[in-house]
Each structure stands twice: as structure tokens, then as C-alpha cells.
$ cat input.csv   # CSV, C-alpha atoms
chain,number,residue,atom,x,y,z
A,271,MET,CA,164.9,37.9,127.4
A,272,SER,CA,162.8,38.6,124.4
A,273,PHE,CA,159.5,40.3,125.2
A,274,GLU,CA,158.1,40.2,121.6
A,275,LEU,CA,157.2,36.5,122.1
A,276,PHE,CA,154.6,37.2,124.7
A,277,HIS,CA,151.0,37.5,123.8
A,278,THR,CA,149.8,40.9,124.9
A,279,ASP,CA,146.6,42.8,124.7
A,280,SER,CA,146.9,46.2,123.2
A,281,ARG,CA,144.0,47.6,125.3
A,282,ALA,CA,144.4,50.8,127.3
A,283,TRP,CA,145.1,50.6,131.0
A,284,HIS,CA,143.9,53.3,133.4
A,285,LEU,CA,146.8,55.3,134.9
A,286,VAL,CA,146.0,56.8,138.3
A,287,HIS,CA,148.5,59.1,140.1
A,288,LEU,CA,147.7,59.2,143.8
A,289,GLY,CA,150.5,61.2,145.3
A,290,VAL,CA,151.4,60.2,148.9
A,291,VAL,CA,148.9,57.7,150.3
A,292,PRO,CA,149.0,55.9,153.7
A,293,TYR,CA,149.6,52.2,153.2
A,294,ALA,CA,146.3,51.1,154.7
A,295,GLU,CA,144.3,53.3,152.4
A,296,ALA,CA,146.2,52.2,149.3
A,297,TRP,CA,145.7,48.6,150.4
A,298,ASP,CA,142.0,49.0,150.8
A,299,LEU,CA,141.8,50.7,147.5
A,300,GLN,CA,143.6,47.8,145.8
A,301,ALA,CA,141.3,45.3,147.4
A,302,ARG,CA,138.3,47.2,146.0
A,303,LEU,CA,139.8,47.5,142.6
A,304,VAL,CA,140.7,43.8,142.4
A,305,GLU,CA,137.2,42.9,143.4
A,306,ALA,CA,135.7,45.2,140.8
A,307,ARG,CA,138.1,44.0,138.1
A,308,ALA,CA,137.5,40.3,138.9
A,309,ALA,CA,133.7,40.9,138.7
A,310,GLU,CA,134.2,42.9,135.4
A,311,SER,CA,132.3,45.8,136.9
A,312,LEU,CA,135.6,47.6,136.1
A,313,ALA,CA,136.2,46.9,132.4
A,314,ASN,CA,139.9,48.0,132.2
A,315,ASP,CA,143.1,47.2,134.0
A,316,VAL,CA,144.4,49.9,136.3
A,317,VAL,CA,147.9,51.1,137.3
A,318,LEU,CA,148.2,53.0,140.5
A,319,VAL,CA,151.3,55.2,140.9
A,320,LEU,CA,152.0,56.6,144.3
A,321,GLU,CA,154.4,57.0,147.3
A,322,HIS,CA,153.8,55.9,150.9
A,323,PRO,CA,154.6,57.6,154.1
A,324,ALA,CA,157.2,55.6,156.0
A,325,VAL,CA,156.0,52.0,156.6
A,326,PHE,CA,157.5,48.5,157.0
A,327,THR,CA,155.5,45.7,155.4
A,328,LEU,CA,155.9,41.9,155.8
A,329,GLY,CA,155.1,39.4,153.1
A,330,LYS,CA,152.6,36.6,153.3
A,331,ARG,CA,155.2,34.4,155.0
A,332,GLY,CA,156.3,37.1,157.3
A,333,GLY,CA,159.8,38.5,157.7
A,334,ARG,CA,159.5,39.8,161.2
A,335,GLU,CA,162.7,37.8,162.0
A,336,ASN,CA,164.5,40.1,159.6
A,337,LEU,CA,163.6,43.2,161.6
A,338,LEU,CA,166.9,44.0,163.3
A,339,VAL,CA,165.7,46.5,165.9
A,340,PRO,CA,163.0,46.1,168.6
A,341,GLU,CA,159.5,47.1,167.3
A,342,ASP,CA,159.6,49.9,169.9
A,343,THR,CA,162.2,51.6,167.8
A,344,LEU,CA,159.7,51.8,164.9
A,345,THR,CA,156.9,52.9,167.2
A,346,ARG,CA,159.1,55.7,168.6
A,347,HIS,CA,159.7,56.9,165.0
A,348,GLY,CA,156.0,56.6,164.3
A,349,ILE,CA,156.6,54.0,161.6
A,350,PRO,CA,153.9,51.2,161.4
A,351,ILE,CA,154.6,47.6,160.5
A,352,VAL,CA,152.0,45.9,158.4
A,353,GLN,CA,151.5,42.2,157.4
A,354,VAL,CA,150.2,41.8,153.9
A,355,GLU,CA,149.4,39.1,151.4
A,356,ARG,CA,152.0,39.8,148.8
A,357,GLY,CA,154.9,37.5,148.0
A,358,GLY,CA,158.4,38.4,149.3
A,359,ASN,CA,159.7,39.3,152.7
A,360,ILE,CA,160.1,42.4,154.8
A,361,THR,CA,160.5,45.8,153.0
A,362,TYR,CA,160.4,49.5,153.6
A,363,HIS,CA,158.4,52.2,151.9
A,364,ALA,CA,158.7,56.0,152.3
A,365,PRO,CA,158.4,59.2,150.2
A,366,GLY,CA,161.1,59.3,147.5
A,367,GLN,CA,160.3,55.7,146.6
A,368,LEU,CA,158.2,55.3,143.5
A,369,VAL,CA,155.5,52.6,144.1
A,370,VAL,CA,153.5,51.1,141.3
A,371,TYR,CA,150.5,48.8,141.9
A,372,PRO,CA,149.2,47.2,138.6
A,373,ILE,CA,145.7,45.8,139.0
A,374,ILE,CA,145.7,43.6,136.0
A,375,HIS,CA,143.4,40.8,135.0
A,376,LEU,CA,146.3,38.5,134.1
A,377,GLN,CA,144.2,35.8,132.5
A,378,ARG,CA,142.4,38.2,130.2
A,379,VAL,CA,145.5,40.1,129.2
A,380,GLY,CA,147.4,36.8,128.8
A,381,ILE,CA,150.3,37.5,131.1
A,382,LYS,CA,151.7,34.6,133.3
A,383,VAL,CA,152.3,35.4,136.9
A,384,VAL,CA,156.0,34.6,136.5
A,385,ASP,CA,156.1,37.0,133.4
A,386,MET,CA,154.4,39.8,135.4
A,387,VAL,CA,157.3,39.7,137.9
A,388,GLU,CA,159.9,39.7,135.1
A,389,ARG,CA,158.3,42.5,133.3
A,390,LEU,CA,158.0,44.7,136.4
A,391,GLU,CA,161.7,44.1,136.8
A,392,GLU,CA,162.3,45.0,133.2
A,393,VAL,CA,160.4,48.3,133.7
A,394,MET,CA,162.7,49.2,136.6
A,395,ILE,CA,165.9,48.2,134.8
A,396,ARG,CA,165.0,50.3,131.8
A,397,THR,CA,164.0,53.2,133.9
A,398,CYS,CA,167.4,53.1,135.8
A,399,ALA,CA,169.2,52.9,132.4
A,400,GLU,CA,167.7,56.2,131.4
A,401,TRP,CA,169.9,57.8,134.1
A,402,GLY,CA,172.9,55.7,133.2
A,403,ILE,CA,172.4,53.3,136.1
A,404,GLN,CA,173.3,49.7,135.2
A,405,ALA,CA,170.7,47.8,137.1
A,406,GLY,CA,169.9,44.1,136.6
A,407,ARG,CA,168.6,40.9,137.9
A,408,ASN,CA,170.3,38.8,140.5
A,409,PRO,CA,169.9,35.0,140.9
A,410,LEU,CA,170.0,35.6,144.7
A,411,ASN,CA,166.6,37.1,144.7
A,412,ARG,CA,164.0,38.7,142.5
A,413,GLY,CA,163.9,42.5,142.2
A,414,VAL,CA,166.3,44.8,140.6
A,415,TRP,CA,169.9,45.2,141.7
A,416,VAL,CA,173.0,47.3,141.2
A,417,GLY,CA,175.7,44.9,142.2
A,418,LEU,CA,174.8,43.5,145.6
A,419,LYS,CA,172.6,46.5,146.4
A,420,LYS,CA,168.9,46.3,145.8
A,421,ILE,CA,167.4,49.4,144.0
A,422,GLY,CA,163.9,48.0,143.2
A,423,ALA,CA,161.7,45.5,145.0
A,424,ILE,CA,158.9,43.3,143.8
A,425,GLY,CA,156.0,41.6,145.5
A,426,ILE,CA,152.7,40.7,144.0
A,427,ALA,CA,149.5,38.9,144.9
A,428,VAL,CA,146.9,37.3,142.6
A,429,ARG,CA,143.3,37.1,143.6
A,430,ARG,CA,140.6,35.7,141.3
A,431,GLY,CA,143.0,36.0,138.4
A,432,VAL,CA,143.8,39.7,139.1
A,433,SER,CA,147.2,40.9,140.2
A,434,PHE,CA,147.8,43.5,142.9
A,435,HIS,CA,150.7,44.9,145.0
A,436,GLY,CA,153.6,45.5,142.7
A,437,MET,CA,156.9,47.2,142.6
A,438,ALA,CA,158.8,49.9,144.5
A,439,LEU,CA,161.8,51.7,143.0
A,440,ASN,CA,164.1,53.7,145.2
A,441,VAL,CA,164.4,57.1,143.6
A,442,ASN,CA,165.6,59.6,146.2
A,443,ILE,CA,164.3,57.9,149.4
A,444,ASP,CA,166.2,58.3,152.6
A,445,LEU,CA,167.8,54.9,152.9
A,446,GLY,CA,168.4,55.1,156.7
A,447,PRO,CA,165.6,53.0,158.0
A,448,PHE,CA,166.6,50.1,155.6
A,449,CYS,CA,169.4,49.5,158.2
A,450,TRP,CA,166.8,48.3,160.6
A,451,ILE,CA,166.0,45.3,158.4
A,452,GLN,CA,167.7,42.6,156.3
A,453,PRO,CA,166.0,43.5,153.0
A,454,CYS,CA,164.2,40.4,151.6
A,455,GLY,CA,165.6,38.4,154.4
A,456,LEU,CA,169.0,38.3,152.8
A,457,GLU,CA,172.3,38.7,154.6
A,458,GLY,CA,175.3,40.6,153.2
A,459,VAL,CA,173.3,42.7,150.8
A,460,GLY,CA,172.5,46.4,150.8
A,461,VAL,CA,170.1,48.8,149.3
A,462,THR,CA,170.7,51.8,147.1
A,463,SER,CA,168.7,54.5,145.3
A,464,MET,CA,168.8,56.1,141.9
A,465,ARG,CA,170.1,59.3,143.5
A,466,MET,CA,173.0,57.4,145.2
A,467,GLU,CA,173.9,55.5,142.0
A,468,SER,CA,173.6,58.5,139.6
A,469,GLY,CA,174.8,61.2,141.9
A,470,LEU,CA,172.1,63.4,140.5
A,471,ASP,CA,169.3,65.2,142.1
A,472,LEU,CA,166.4,63.4,140.7
A,473,GLU,CA,162.9,64.8,140.2
A,474,MET,CA,160.3,62.2,141.2
A,475,THR,CA,157.9,63.6,138.5
A,476,GLU,CA,160.5,62.9,135.8
A,477,VAL,CA,161.3,59.4,137.0
A,478,ARG,CA,157.5,58.8,137.2
A,479,ARG,CA,157.2,59.9,133.6
A,480,VAL,CA,160.0,57.7,132.3
A,481,LEU,CA,158.8,54.7,134.3
A,482,THR,CA,155.2,54.9,133.0
A,483,GLN,CA,156.6,55.3,129.5
A,484,GLN,CA,158.7,52.2,129.9
A,485,MET,CA,155.8,50.4,131.3
A,486,GLN,CA,153.8,51.1,128.1
A,487,THR,CA,156.7,49.6,126.0
A,488,VAL,CA,157.4,46.5,128.2
A,489,PHE,CA,153.7,45.6,128.5
A,490,SER,CA,152.7,46.8,125.0
A,491,VAL,CA,149.8,48.9,126.4
A,492,ARG,CA,148.7,52.5,126.4
A,493,LEU,CA,148.5,54.1,129.9
A,494,VAL,CA,145.6,56.6,129.9
A,495,PRO,CA,145.4,59.0,132.8
A,496,ALA,CA,142.2,58.4,134.7
A,497,ASP,CA,140.3,59.8,137.7
A,498,LEU,CA,139.8,57.3,140.5
A,499,ASN,CA,136.3,58.6,141.2
A,500,HIS,CA,135.3,57.5,137.7
A,501,LEU,CA,136.6,54.0,138.2
A,502,LEU,CA,134.9,53.0,141.3
A,503,PRO,CA,131.1,53.5,141.6
A,504,SER,CA,130.8,54.1,145.3
A,505,GLY,CA,132.8,57.3,145.5
A,506,LEU,CA,136.3,57.3,147.0
A,507,THR,CA,137.7,57.8,150.4
A,508,LEU,CA,141.3,58.7,149.8
A,509,SER,CA,141.2,61.5,152.3
A,510,HIS,CA,144.9,61.8,152.8
A,511,ALA,CA,146.0,61.7,149.2
A,512,THR,CA,148.0,64.7,148.1
A,513,GLY,CA,149.5,65.8,144.8
B,214,MET,CA,157.2,28.4,129.2
B,215,LYS,CA,155.1,25.8,127.5
B,216,GLU,CA,152.7,25.8,124.7
B,217,LEU,CA,149.2,24.5,125.5
B,218,SER,CA,149.9,21.4,123.5
B,219,GLU,CA,152.8,20.5,125.7
B,220,LEU,CA,150.7,20.6,128.9
B,221,LYS,CA,148.9,17.6,130.3
B,222,PHE,CA,145.3,17.3,131.3
B,223,PRO,CA,144.3,13.8,132.4
B,224,GLU,CA,140.9,12.6,131.1
B,225,ASN,CA,139.7,11.3,134.4
B,226,LEU,CA,139.8,14.6,136.2
B,227,ARG,CA,137.4,17.6,136.4
B,228,TYR,CA,138.7,21.2,136.2
B,229,ALA,CA,137.6,24.5,137.7
B,230,GLU,CA,137.6,27.9,136.0
B,231,SER,CA,140.2,28.9,138.6
B,232,HIS,CA,142.5,26.1,137.3
B,233,GLU,CA,142.2,23.6,140.2
B,234,TRP,CA,141.6,20.0,139.3
B,235,LEU,CA,139.4,17.5,141.2
B,236,ASP,CA,139.7,13.8,141.2
B,237,ALA,CA,136.2,12.7,142.3
B,238,GLU,CA,136.7,9.0,141.9
B,239,GLY,CA,136.0,7.2,145.2
B,240,GLY,CA,134.5,8.6,148.4
B,241,THR,CA,136.9,11.5,149.0
B,242,ALA,CA,138.1,13.9,146.3
B,243,LYS,CA,141.6,15.0,145.7
B,244,ILE,CA,142.4,18.6,144.7
B,245,GLY,CA,145.4,20.2,143.1
B,246,ILE,CA,146.2,22.8,140.4
B,247,SER,CA,146.4,22.0,136.7
B,248,ASP,CA,149.5,21.8,134.6
B,249,TYR,CA,148.4,25.1,133.0
B,250,ALA,CA,148.2,26.8,136.4
B,251,GLN,CA,151.7,25.6,137.6
B,252,ASP,CA,153.1,26.8,134.3
B,253,GLN,CA,151.5,30.2,134.7
B,254,LEU,CA,152.9,30.6,138.2
B,255,GLY,CA,156.5,29.6,137.6
B,256,ASP,CA,158.6,27.9,140.3
B,257,VAL,CA,156.6,27.3,143.4
B,258,VAL,CA,158.5,28.0,146.6
B,259,TYR,CA,155.7,27.7,149.2
B,260,VAL,CA,152.3,26.2,149.5
B,261,GLU,CA,149.9,27.3,152.3
B,262,LEU,CA,147.2,24.7,153.0
B,263,PRO,CA,144.3,24.5,155.4
B,264,GLU,CA,144.0,22.3,158.5
B,265,VAL,CA,142.3,19.0,158.3
B,266,GLY,CA,138.7,19.3,159.5
B,267,LYS,CA,138.0,22.7,158.0
B,268,SER,CA,135.1,23.2,155.6
B,269,PHE,CA,134.9,25.5,152.7
B,270,ALA,CA,132.2,26.5,150.2
B,271,LYS,CA,132.7,26.1,146.5
B,272,ALA,CA,135.0,28.9,145.1
B,273,ALA,CA,136.1,29.9,148.6
B,274,PRO,CA,139.9,30.4,149.0
B,275,PHE,CA,141.4,27.4,150.8
B,276,GLY,CA,145.1,28.3,150.7
B,277,SER,CA,147.7,30.0,148.6
B,278,VAL,CA,150.7,29.2,146.5
B,279,GLU,CA,153.8,31.3,146.4
B,280,SER,CA,155.9,31.4,143.3
B,281,VAL,CA,158.9,33.7,143.3
B,282,LYS,CA,157.7,37.0,144.7
B,283,ALA,CA,154.1,36.3,143.9
B,284,VAL,CA,151.3,34.9,146.1
B,285,SER,CA,148.3,33.4,144.3
B,286,GLU,CA,145.1,32.3,146.1
B,287,LEU,CA,143.7,28.7,145.7
B,288,TYR,CA,140.0,28.1,145.4
B,289,MET,CA,137.7,25.2,146.1
B,290,PRO,CA,136.4,23.6,142.9
B,291,VAL,CA,133.5,22.2,144.9
B,292,GLY,CA,132.4,22.7,148.5
B,293,GLY,CA,133.6,20.2,151.2
B,294,LYS,CA,135.4,19.3,154.3
B,295,VAL,CA,139.2,18.8,154.3
B,296,VAL,CA,140.1,15.2,155.3
B,297,ALA,CA,143.8,15.2,154.3
B,298,VAL,CA,146.5,17.6,153.4
B,299,ASN,CA,149.7,16.9,151.4
B,300,ARG,CA,152.4,17.6,154.0
B,301,ALA,CA,155.1,16.6,151.5
B,302,LEU,CA,154.6,20.1,149.9
B,303,ASP,CA,155.9,21.8,153.1
B,304,GLY,CA,159.4,20.5,152.3
B,305,SER,CA,159.1,20.0,148.6
B,306,PRO,CA,156.8,22.7,147.1
B,307,GLU,CA,158.4,22.1,143.7
B,308,LEU,CA,156.3,18.9,143.4
B,309,VAL,CA,153.5,21.2,142.3
B,310,ASN,CA,155.5,22.0,139.2
B,311,LYS,CA,157.0,18.6,138.7
B,312,ASP,CA,154.0,16.4,139.2
B,313,PRO,CA,150.8,18.6,139.5
B,314,TYR,CA,148.4,15.6,139.2
B,315,GLY,CA,150.4,13.2,141.3
B,316,GLU,CA,152.8,14.0,144.1
B,317,GLY,CA,151.8,17.6,143.8
B,318,TRP,CA,148.2,17.1,145.0
B,319,MET,CA,147.2,19.6,147.7
B,320,ILE,CA,144.2,18.5,149.7
B,321,ALA,CA,141.6,15.7,149.9
B,322,ILE,CA,138.0,16.6,150.8
B,323,GLU,CA,134.7,15.0,151.5
B,324,PRO,CA,132.5,16.9,149.0
B,325,SER,CA,129.4,18.4,150.6
B,326,THR,CA,127.2,17.7,147.6
B,327,PRO,CA,128.5,14.9,145.3
B,328,ASP,CA,126.8,16.4,142.2
B,329,GLU,CA,128.7,19.7,142.3
B,330,ALA,CA,131.6,18.0,140.6
B,331,LYS,CA,129.5,17.4,137.5
B,332,LEU,CA,129.4,21.2,137.0
B,333,LEU,CA,133.1,21.4,136.5
B,334,PHE,CA,134.9,21.3,133.2
B,335,THR,CA,135.8,18.0,131.5
B,336,ARG,CA,139.3,17.8,130.0
B,337,GLN,CA,137.9,18.8,126.6
B,338,SER,CA,135.8,21.7,127.9
B,339,TYR,CA,138.7,23.0,130.0
B,340,LEU,CA,141.0,22.8,127.0
B,341,ASP,CA,138.4,24.7,124.9
B,342,LYS,CA,138.2,27.4,127.5
B,343,LEU,CA,142.0,27.7,127.7
B,344,LYS,CA,142.2,28.1,123.9
B,345,GLY,CA,139.7,30.9,124.3
$ encode --input "input.csv" --output "C-alpha cells"
Amino acid sequence: MSFELFHTDSRAWHLVHLGVVPYAEAWDLQARLVEARAAESLANDVVLVLEHPAVFTLGKRGGRENLLVPEDTLTRHGIPIVQVERGGNITYHAPGQLVVYPIIHLQRVGIKVVDMVERLEEVMIRTCAEWGIQAGRNPLNRGVWVGLKKIGAIGIAVRRGVSFHGMALNVNIDLGPFCWIQPCGLEGVGVTSMRMESGLDLEMTEVRRVLTQQMQTVFSVRLVPADLNHLLPSGLTLSHATG
Amino acid sequence: MKELSELKFPENLRYAESHEWLDAEGGTAKIGISDYAQDQLGDVVYVELPEVGKSFAKAAPFGSVESVKAVSELYMPVGGKVVAVNRALDGSPELVNKDPYGEGWMIAIEPSTPDEAKLLFTRQSYLDKLKG
């Protein structure tokens, strides 16, 4: 796939590192950023980089049928299950998984929805390659795979021309709870992480640095670190954010 | 991926900024998404449509379309009440890609104010907008 052919805007995108943020808070923040971006009260696109405490999320069309344990099991472990508007099926997030939510005005930047998905895959493939991991696409399903094991998941939504939700790359996440679901609703496939595949003790900060660098290349943009409080006028309520 | 010149935009339709089309000929108006929109989305795998009888204001979301791993909202080009829904899309969502102005239509509505359609883009003004 040749990325030079795409028309891209060379503007700078805000890069916001949020640390570990509960799912609901990050979801609410995305909704506010999408609204501001669609209304142009936010002039630039934004990339949120974060991790979530353990949570299962369901796509627009559900995926509860791919939960292999009773919901009680999740409750007992204190893991919530949330239904969201993104594409895709059930998935799991937890610390050790690098989550990226690009809030991009796709129409203004000139990126097709289908290309957005492909480029996010490309960013994860290139990031894995930096650690010698041969990850790639799989006709079975979108996302990024090492053989029949998924290492990176994708699910986006588009509202008023602005993308949100995004991608999740398994860095050194505890893969245990993935056994409780059929990832993406697919049978006979597994999940893996960069740590599993490389056998290395990976630093999240280092993977984050490489991934944002790859994002700049793949999208032909500059990611400029920004403070969330300066992006949204009404002050921010990310009470639980750390790091 | 198509060039703009390869996409079709019928002369008899009106177009919304959010890329839906409206066929306002006759008493009810049909709504779908433009050839440009389906090309932007990629292969459509699911279309979520409202129930007959529901009313929506202009620009309100009336459903969504899922292309692979991406859910995009659909918006009313004009306000109105849903009088028919294209159930063929339940089993064959790919019709939105194959025939966006024909078999890929989404809903038919009774417009709340007939004149609202006149505010939409004509084929030419929509094309001008797409060319930026």
C-alpha cells in the first residue's frame, strides 16, 4: 500500500498524553472534543494517548454473545462492561495496552474513513517492526495480527465528519482476561502482546514515543504536545488521570 | 478509491453538506448517501435505520452506517417523518456501495416543510463544494 498517493494536510495535530484514564471519562472527553472540533471552536485535530484501567467494551452492534463467562465474573473482578458507538465487536482494555484516540476532522484533512482505519493499522505494524515483530493485516478481520493472534485492535466512529475512538496496541498488558471473550467475535484466534512476541521487557514510554513518531510519518503531520486545559474552554474534569 | 470525476451525482437529486441525497420528486422524499460518501466509507457491512413513524429534525442523526471497523452517523438532509425504510439493506448492506442512488436508498420521509429541500445543494453546487 502506497501512502504517498493520499492527499494529506501538513498541519500540526495536538498530542495529549493522559496517562491512565477510566473509560467513561475518556469517552466523555472524546465526545466534547468531537463536538468542539466539528463546530470549529477547536481549530486543530487532537490525538489522545492513554491507557485504561481494566474494562470490556462492546461495539455499536454489540458483542455480548462473545463474552464467554457470566457477567458476574466480571463484576467480581471489578471490571465494567460498556456499550459504545464505535465499529467492531467486544474488546478488552487494561494498563499495558497503548490506546490512541485520534479526534480528526476527516473531511478537512482529506482522509477517507476507510483510509483512517488502514493508516492506524499501518502505525501499529510499523511500531511492532521497531522491535522486530512481524505484524500485519489479516483478511479475517481488521486490526493488526501476528499470525492468528491479534496484537492491535481498531474501532472508530465518525460524528459530523470527525473521527473518534481509535486503536489499542497490546504492549505488556496481562492477556489473561482476553480468555473471557472471543476477540472481535472470531473463533479460533488468539491475542498476543509486544512483550510476548519480542520476549523483551518493554517500556511503555518507549513504545509510546515510537508509535507517535510513526503516526507523524504515516499521516504526514506533526504531533505537537498540548495541554488539555488549553484545548477545551470550560476547564477539564479528568480527576483520575495520572502520569 | 475513486477520483471525483469517476463518481456519479444525478442531476435530479439534492445533496446535503453531510453527504446524504434527497429525492424530493413526488409527495414523499427518498434519502440515501452520495456516491462520494460511500466511496469515503469503504465497504459497508451494516446499516442501522430508524423505525417507520419516527420524526427527525433537519440535521438530526437518523441512523448509522458501519464500514469495516468504523461507524459513521447519518443525518437528515431535511426534517420529516419516516414513512418507509429500505429493509433490503439488512441483508445486503453492500447495496449502499453498489447502487447508492437506487437499491441502496435508506429511508423515505414525509418532509415537514417542503421548502427545506430548496436549501440543499444542487448537483453542481455539491460538486463545487467537494472540489473545495
$ atom_distance --input "input.csv" --atom1 "CA of Leu320 (chain A)" --atom2 "CA of Val291 (chain A)"
6.8 Å
$ closest_residue --input "input.csv" --among "B:Leu220, B:Ala273, B:Val281, B:Leu333" --to "chain A" --atoms "only C-alpha atoms"
B:Val281
$ closest_residue --input "input.csv" --among "B:Gln253, B:Ser325, B:Gln337, B:Ser305" --to "chain A" --atoms "only C-alpha atoms"
B:Gln253
$ residues_around --input "input.csv" --residues "Ala324 (chain A)" --least-positions-apart "4" --cutoff "8 Å" --atoms "all atoms listed in the file" --output "list in words"
Ile349, Pro350, Tyr362, His363, Ala364 and Pro365 of chain A
$ closest_atom_pairs --input "input.csv" --of "chain B" --to "chain A" --cutoff "6 Å" --atoms "all atoms listed in the file" --output "CSV"
residue,atom,partner,partner_atom,distance
B:Gln253,CA,A:Lys382,CA,4.6
B:Leu254,CA,A:Val383,CA,5.0
B:Gly255,CA,A:Val384,CA,5.1
B:Lys282,CA,A:Gly357,CA,4.4
B:Ala283,CA,A:Gly357,CA,4.3
B:Val284,CA,A:Ala427,CA,4.5
B:Ser285,CA,A:Val428,CA,4.5
B:Glu286,CA,A:Arg429,CA,5.7
$ atom_distance --input "input.csv" --atom1 "CA of Asp298 (chain A)" --atom2 "CA of Asn440 (chain A)"
23.3 Å
$ atom_distance --input "input.csv" --atom1 "CA of Val290 (chain A)" --atom2 "CA of Gly366 (chain A)"
9.8 Å
$ closest_residue --input "input.csv" --among "A:Ser490, A:Thr482, A:Gln404, A:Asn336" --to "Glu457 (chain A)" --atoms "all atoms listed in the file"
A:Asn336
$ closest_residue --input "input.csv" --among "B:Val295, B:Ala330, B:Val309, B:Ala301" --to "Val265 (chain B)" --atoms "all atoms listed in the file"
B:Val295
$ residues_around --input "input.csv" --residues "region 241-244 of chain B" --least-positions-apart "2" --cutoff "9 Å" --atoms "all atoms listed in the file" --output "list in words"
Glu233, Trp234, Leu235, Asp236, Ala237, Glu238, Gly239, Ile246, Met289, Pro290, Val296, Ala297, Tyr314, Trp318, Met319, Ile320, Ala321, Ile322, Glu323 and Pro324 of chain B
$ residues_around --input "input.csv" --residues "Glu400 (chain A)" --least-positions-apart "6" --cutoff "10 Å" --atoms "all atoms listed in the file" --output "ChimeraX atom specification"
/A:477,480-481,484
$ write_last_selection --input "input.csv" --atoms "C-alpha atoms" --output "PDB file, in the coordinates of the input"
ATOM      1  CA  VAL A 477     161.300  59.400 137.000  1.00  0.00           C
ATOM      2  CA  VAL A 480     160.000  57.700 132.300  1.00  0.00           C
ATOM      3  CA  LEU A 481     158.800  54.700 134.300  1.00  0.00           C
ATOM      4  CA  GLN A 484     158.700  52.200 129.900  1.00  0.00           C
TER       5      GLN A 484
END
$ residues_around --input "input.csv" --residues "region 460-462 of chain A" --least-positions-apart "3" --cutoff "8 Å" --atoms "all atoms listed in the file" --output "list in words"
Val416, Leu418, Lys419, Lys420, Ile421, Asn440, Leu445, Phe448, Pro453, Met466 and Glu467 of chain A
$ write_last_selection --input "input.csv" --atoms "C-alpha atoms" --output "PDB file, in the frame of the given file"
ATOM      1  CA  VAL A 416     173.000  47.300 141.200  1.00  0.00           C
ATOM      2  CA  LEU A 418     174.800  43.500 145.600  1.00  0.00           C
ATOM      3  CA  LYS A 419     172.600  46.500 146.400  1.00  0.00           C
ATOM      4  CA  LYS A 420     168.900  46.300 145.800  1.00  0.00           C
ATOM      5  CA  ILE A 421     167.400  49.400 144.000  1.00  0.00           C
ATOM      6  CA  ASN A 440     164.100  53.700 145.200  1.00  0.00           C
ATOM      7  CA  LEU A 445     167.800  54.900 152.900  1.00  0.00           C
ATOM      8  CA  PHE A 448     166.600  50.100 155.600  1.00  0.00           C
ATOM      9  CA  PRO A 453     166.000  43.500 153.000  1.00  0.00           C
ATOM     10  CA  MET A 466     173.000  57.400 145.200  1.00  0.00           C
ATOM     11  CA  GLU A 467     173.900  55.500 142.000  1.00  0.00           C
TER      12      GLU A 467
END
$ closest_residue --input "input.csv" --among "B:Val258, B:Phe275, B:Tyr339, B:Gly266" --to "Glu307 (chain B)" --atoms "only C-alpha atoms"
B:Val258
